[in-house]
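J.: Hey, dropping run03.cif in here, mmCIF, C-alpha atoms:
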```cif
data_target
loop_
_atom_site.label_atom_id
_atom_site.label_comp_id
_atom_site.auth_asym_id
_atom_site.auth_seq_id
_atom_site.Cartn_x
_atom_site.Cartn_y
_atom_site.Cartn_z
CA MET A 1 128.96 96.58 84.07
CA GLN A 2 132.52 96.23 82.88
CA ILE A 3 134.68 99.36 82.75
CA ARG A 4 137.00 100.44 79.97
CA PRO A 5 140.48 101.93 80.44
CA LYS A 6 140.04 105.64 81.28
CA ARG A 7 136.31 105.42 80.54
CA PHE A 8 133.42 104.57 82.81
CA ASP A 9 129.76 103.62 82.33
CA VAL A 10 130.34 102.44 78.76
CA GLY A 11 131.18 98.72 79.07
CA PRO A 12 128.93 95.67 78.59
CA ILE A 13 126.09 95.19 81.09
CA LEU A 14 126.58 92.03 83.15
CA LYS A 15 123.41 92.24 85.24
CA GLN A 16 120.51 94.65 85.33
CA GLU A 17 117.33 94.99 87.36
CA THR A 18 114.53 97.52 87.36
CA ILE A 19 112.65 98.73 90.41
CA PRO A 20 109.90 101.34 90.78
CA VAL A 21 110.89 104.64 92.34
CA PRO A 22 108.71 105.18 95.45
CA PRO A 23 106.55 108.32 95.20
CA LYS A 24 108.13 111.43 96.73
CA SER A 25 111.31 109.59 97.69
CA THR A 26 114.49 111.62 98.09
CA ALA A 27 117.79 110.84 96.41
CA LYS A 28 119.16 109.79 99.80
CA GLU A 29 116.28 107.37 100.41
CA LEU A 30 116.57 105.96 96.89
CA GLU A 31 120.34 105.59 97.30
CA ALA A 32 119.80 103.34 100.34
CA VAL A 33 117.41 101.09 98.38
CA LEU A 34 119.67 100.90 95.32
CA SER A 35 122.84 100.30 97.34
CA ARG A 36 121.33 97.18 98.92
CA LEU A 37 120.11 95.94 95.54
CA GLY A 38 123.45 96.75 93.88
CA ALA A 39 125.41 94.90 96.56
CA SER A 40 123.25 91.81 96.08
CA MET A 41 123.66 91.98 92.30
CA LEU A 42 127.44 92.37 92.59
CA ILE A 43 127.74 89.28 94.77
CA SER A 44 125.60 87.33 92.29
CA VAL A 45 127.85 88.36 89.38
CA LEU A 46 131.08 87.55 91.22
CA LYS A 47 129.82 84.10 92.20
CA ASN A 48 129.35 83.30 88.51
CA LEU A 49 131.90 85.65 86.98
CA PRO A 50 132.96 83.63 83.89
CA GLU A 51 129.34 83.04 82.91
CA SER A 52 128.43 86.65 83.68
CA LEU A 53 131.24 87.92 81.43
CA ASP A 54 130.20 85.60 78.62
CA ASN A 55 126.60 86.78 78.81
CA GLY A 56 127.41 90.50 78.95
CA ARG A 57 125.47 92.65 76.49
CA GLN A 58 126.42 95.95 74.93
CA GLN A 59 124.68 99.05 76.15
CA PRO A 60 122.06 100.44 73.75
CA THR A 61 122.92 103.58 71.83
CA GLU A 62 119.32 104.79 71.60
CA GLY A 63 117.38 106.29 74.47
CA VAL A 64 120.53 107.34 76.32
CA THR A 65 120.28 110.42 78.54
CA HIS A 66 123.17 112.25 80.17
CA ALA A 67 122.65 113.71 83.64
CA PRO A 68 124.09 117.21 83.98
CA LYS A 69 126.69 117.79 86.66
CA ILE A 70 125.18 119.07 89.89
CA SER A 71 126.54 122.50 90.76
CA ALA A 72 125.70 125.32 93.14
CA ALA A 73 123.72 126.97 90.34
CA THR A 74 121.47 123.89 90.17
CA SER A 75 120.20 124.64 93.67
CA CYS A 76 119.09 128.22 92.95
CA ILE A 77 115.29 128.42 92.93
CA LYS A 78 113.70 130.41 90.09
CA TRP A 79 110.47 131.54 91.76
CA GLU A 80 108.94 133.07 88.65
CA GLU A 81 109.72 130.07 86.43
CA GLN A 82 109.41 126.95 88.59
CA THR A 83 106.19 125.36 89.81
CA SER A 84 105.78 123.99 93.31
CA GLU A 85 106.12 120.45 91.95
CA GLU A 86 109.36 121.33 90.13
CA ILE A 87 110.80 122.90 93.28
CA PHE A 88 109.90 119.85 95.38
CA ARG A 89 111.44 117.52 92.79
CA LEU A 90 114.63 119.60 92.84
CA TYR A 91 114.62 119.49 96.65
CA ARG A 92 114.20 115.70 96.71
CA ALA A 93 116.89 115.26 94.05
CA VAL A 94 119.71 117.51 95.31
CA GLY A 95 118.63 118.92 98.67
CA ASN A 96 120.77 116.52 100.67
CA ILE A 97 123.82 117.34 98.51
CA ILE A 98 123.41 121.09 98.02
CA PRO A 99 120.64 122.88 99.97
CA LEU A 100 118.32 124.91 97.78
CA GLN A 101 119.26 128.59 97.74
CA THR A 102 117.57 131.92 97.29
CA LEU A 103 118.25 135.61 97.82
CA TRP A 104 116.69 137.77 100.52
CA MET A 105 117.69 141.38 101.09
CA ASP A 106 121.00 140.79 99.28
CA ASN A 107 121.73 137.81 101.56
CA THR A 108 121.99 134.22 100.40
CA ILE A 109 119.58 131.98 102.28
CA LYS A 110 119.57 128.19 102.21
CA LEU A 111 116.20 126.47 102.47
CA LEU A 112 116.80 123.37 104.57
CA ASP A 113 113.43 121.71 105.12
CA LEU A 114 110.68 122.01 102.53
CA VAL A 115 107.16 120.68 103.05
CA GLU A 116 104.02 120.57 100.97
CA VAL A 117 101.28 122.97 101.99
CA ASN A 118 97.97 121.32 102.87
CA SER A 119 94.62 122.49 101.54
CA SER A 120 93.45 124.03 104.83
CA VAL A 121 96.43 126.39 104.83
CA LEU A 122 95.92 127.26 101.17
CA ALA A 123 92.33 128.28 101.95
CA ASP A 124 93.59 131.17 104.11
CA PRO A 125 92.10 134.45 102.77
CA LYS A 126 95.57 136.05 102.94
CA LEU A 127 96.69 133.65 100.21
CA THR A 128 93.59 133.79 98.04
CA GLY A 129 92.35 137.34 98.49
CA GLN A 130 95.09 139.20 96.65
CA ALA A 131 97.53 138.93 93.77
CA VAL A 132 100.90 137.76 95.07
CA ILE A 133 104.27 138.04 93.34
CA PRO A 134 106.39 134.85 93.14
CA GLY A 135 108.94 134.82 95.94
CA SER A 136 106.58 136.56 98.38
CA ILE A 137 106.87 135.21 101.93
CA MET A 138 104.20 134.79 104.56
CA TYR A 139 104.51 133.21 107.99
CA HIS A 140 101.73 130.78 108.90
CA LYS A 141 101.55 130.82 112.68
CA GLN A 142 99.33 127.76 113.14
CA SER A 143 101.62 125.42 111.18
CA GLN A 144 104.81 127.35 112.03
CA ILE A 145 106.09 127.38 108.46
CA LEU A 146 107.08 130.01 105.94
CA LEU A 147 104.84 130.06 102.89
CA VAL A 148 106.64 131.08 99.72
CA CYS A 149 104.82 131.84 96.49
CA CYS A 150 106.13 130.24 93.30
CA LYS A 151 104.92 130.13 89.69
CA ASP A 152 101.72 128.17 90.34
CA GLY A 153 101.15 128.11 94.09
CA TRP A 154 102.95 127.85 97.41
CA ILE A 155 105.63 125.78 99.11
CA GLY A 156 106.26 125.47 102.84
CA VAL A 157 109.64 125.96 104.53
CA ARG A 158 110.29 124.74 108.08
CA SER A 159 113.87 125.91 108.49
CA VAL A 160 116.47 128.08 106.76
CA MET A 161 120.13 128.96 107.12
CA LEU A 162 121.05 132.63 107.35
CA LYS A 163 124.40 132.84 109.17
CA LYS A 164 123.01 129.98 111.30
CA THR A 165 120.16 127.49 111.14
CA LEU A 166 116.80 129.08 111.99
CA THR A 167 113.34 127.63 112.29
CA ALA A 168 110.61 129.37 110.31
CA THR A 169 109.42 130.96 113.56
CA ASP A 170 112.93 132.21 114.38
CA PHE A 171 113.30 133.71 110.91
CA TYR A 172 109.94 135.43 111.20
CA ASN A 173 110.61 136.81 114.69
CA GLY A 174 114.19 137.84 114.00
CA TYR A 175 113.95 139.13 110.42
CA LEU A 176 110.54 139.23 108.72
CA HIS A 177 108.48 140.78 111.51
CA PRO A 178 111.06 143.49 112.35
CA TRP A 179 111.34 144.38 108.65
CA HIS A 180 107.58 144.82 108.32
CA GLN A 181 107.48 146.95 111.48
CA THR A 182 110.29 149.19 110.22
CA ASN A 183 108.90 149.39 106.68
CA SER A 184 105.16 149.49 107.37
CA GLN A 185 104.49 151.65 104.31
CA ALA A 186 106.48 149.44 101.92
CA HIS A 187 104.82 146.89 99.65
CA PRO A 188 105.26 143.30 100.98
CA SER A 189 106.83 142.28 97.66
CA GLN A 190 109.94 144.26 98.62
CA CYS A 191 110.55 141.65 101.31
CA ARG A 192 110.28 138.65 99.01
CA PHE A 193 112.73 135.89 98.12
CA GLN A 194 114.42 136.51 94.79
CA THR A 195 116.28 134.24 92.40
CA LEU A 196 119.94 133.93 93.27
CA ARG A 197 121.95 134.26 90.07
CA LEU A 198 125.46 132.94 90.55
CA PRO A 199 128.24 134.09 88.20
CA PRO A 200 130.02 131.45 86.08
CA LYS A 201 132.39 129.18 88.02
CA LYS A 202 135.58 130.83 86.69
CA GLN A 203 134.23 134.25 87.56
CA ARG A 204 133.29 133.06 91.08
CA LYS A 205 136.88 131.91 91.63
CA LYS A 206 138.16 135.36 90.62
CA ILE A 207 135.69 137.04 93.00
CA VAL A 208 136.79 134.81 95.90
CA ALA A 209 140.45 135.50 95.11
CA MET A 210 139.80 139.26 95.08
CA GLN A 211 137.94 139.06 98.39
CA GLN A 212 140.85 137.19 99.95
CA CYS A 213 143.27 139.85 98.70
CA ILE A 214 141.09 142.59 100.21
CA LYS A 215 141.03 140.80 103.57
#
```
So that I can check it, write out the structure of this file as structure tokens.
T.:
Amino acid sequence: MQIRPKRFDVGPILKQETIPVPPKSTAKELEAVLSRLGASMLISVLKNLPESLDNGRQQPTEGVTHAPKISAATSCIKWEEQTSEEIFRLYRAVGNIIPLQTLWMDNTIKLLDLVEVNSSVLADPKLTGQAVIPGSIMYHKQSQILLVCCKDGWIGVRSVMLKKTLTATDFYNGYLHPWHQTNSQAHPSQCRFQTLRLPPKKQRKKIVAMQQCIK
């Protein structure tokens, strides 16, 4: 499209193509497909630039959607509100830009590698035999993943970042298992992931500034 002085994405469309989005593709994978297509389209337009400019068409005013700016708050999982499908869509959309985040024992944890949980794992009596609070974590030894309960089911996590990158097994051995041994009488829900609620951006800047002054 053509650009306008000091304004972008509003000029006439010179060439446009539509392609299907492959199922379960990530933003990074889709970017690679679109970049190749976009490069080919750009070359085609430049080869016939006068004709392309003459045939440009105005962008429609109806059906326009505006994508919100991606921020750190976008990556915070709301376990009680989001379904497994919504969490996976969020992961595929922004996971390579900002890792999804959650809160565990007052520590921010980044979820680096999410996987869908297969039916054989979901049939485990530990998952079906009791009421589980969203955010609850279980380690599945056979598949070596963390199972995390969300609004309508479970998601799998292969690795996390807590100070450093840890596999699900490392996180279980180093954090989850010791916690359960030390707090054997506590309800498992006390060890769950919780929604990380970030303060507004301006407030975060003030907090960082105060922390730097303290240091």
J.: Do you know which residues lie at most 8 Å from (117.8, 126.8, 93.9), with coordinates as in the file and all atoms listed in the file counted, and could you write them as a ChimeraX atom specification?
T.: /A:73-78,90,99-102,195-196
J.: Apply the PyMOL selection byres ((chain A and resi 19) around 10) to the displayed file and report the matching residues as number ranges by chain.
T.: A: 17-18, 20-22, 33-34, 37
J.: Find, counting all atoms listed in the file, the residue in A:Leu162, A:Val121, A:Leu49, A:Ala168 that gets nearest to A:Gln144.
T.: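 That would be A:Ala168, the residue with the smallest distance to A:Gln144.
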J.: Just checking: using only C-alpha atoms, which residue out of A:Pro12, A:Pro23, A:Gly38, A:Pro188 ends up closest to A:Ser52?
T.: A:Pro12
J.: Pick out the closest residue to A:Ile70 from this set: A:Glu31, A:Met41, A:Ile97, A:Tyr172. Count all atoms listed in the file.
T.: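 Of A:Glu31, A:Met41, A:Ile97, A:Tyr172, the one nearest A:Ile70, counting all atoms listed in the file, is A:Ile97.
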J.: What residues have an atom no more than 12 Å from (112.5, 124.0, 104.7) in the file's own frame, counting all atoms listed in the file, and can you write them as a count of residues only?
T.: 37
J.: If I take atom CA of A:Arg4 and atom CA of A:Ser40, how far is one from the other in Å, to one decimal?
T.: 22.9 Å
J.: As AutoDock Vina command-line options, please report the centre and edge lengths, rounded to one decimal in Å, of the axis-aligned box that holds all listed atoms of stretch 88-106 of chain A with 6 Å of padding on each of the six sides.
T.:
```
--center_x 116.9 --center_y 128.3 --center_z 96.9 --size_x 25.9 --size_y 38.1 --size_z 20.3
```
J.: Skipping near chain neighbours, those fewer than 2 positions away, what residues fall within 7 Å of A:Trp79 using all atoms listed in the file, listed as a list in words?
T.: Ile77, Glu81, Gln82, Pro134, Gly135, Cys150, Lys151 and Thr195 of chain A
J.: Between atom CA of A:Leu122 and atom CA of A:His177, what is the spacing in Å?
T.: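 Taking atom CA of A:His177 and atom CA of A:Leu122, their separation equals 21.2 Å.
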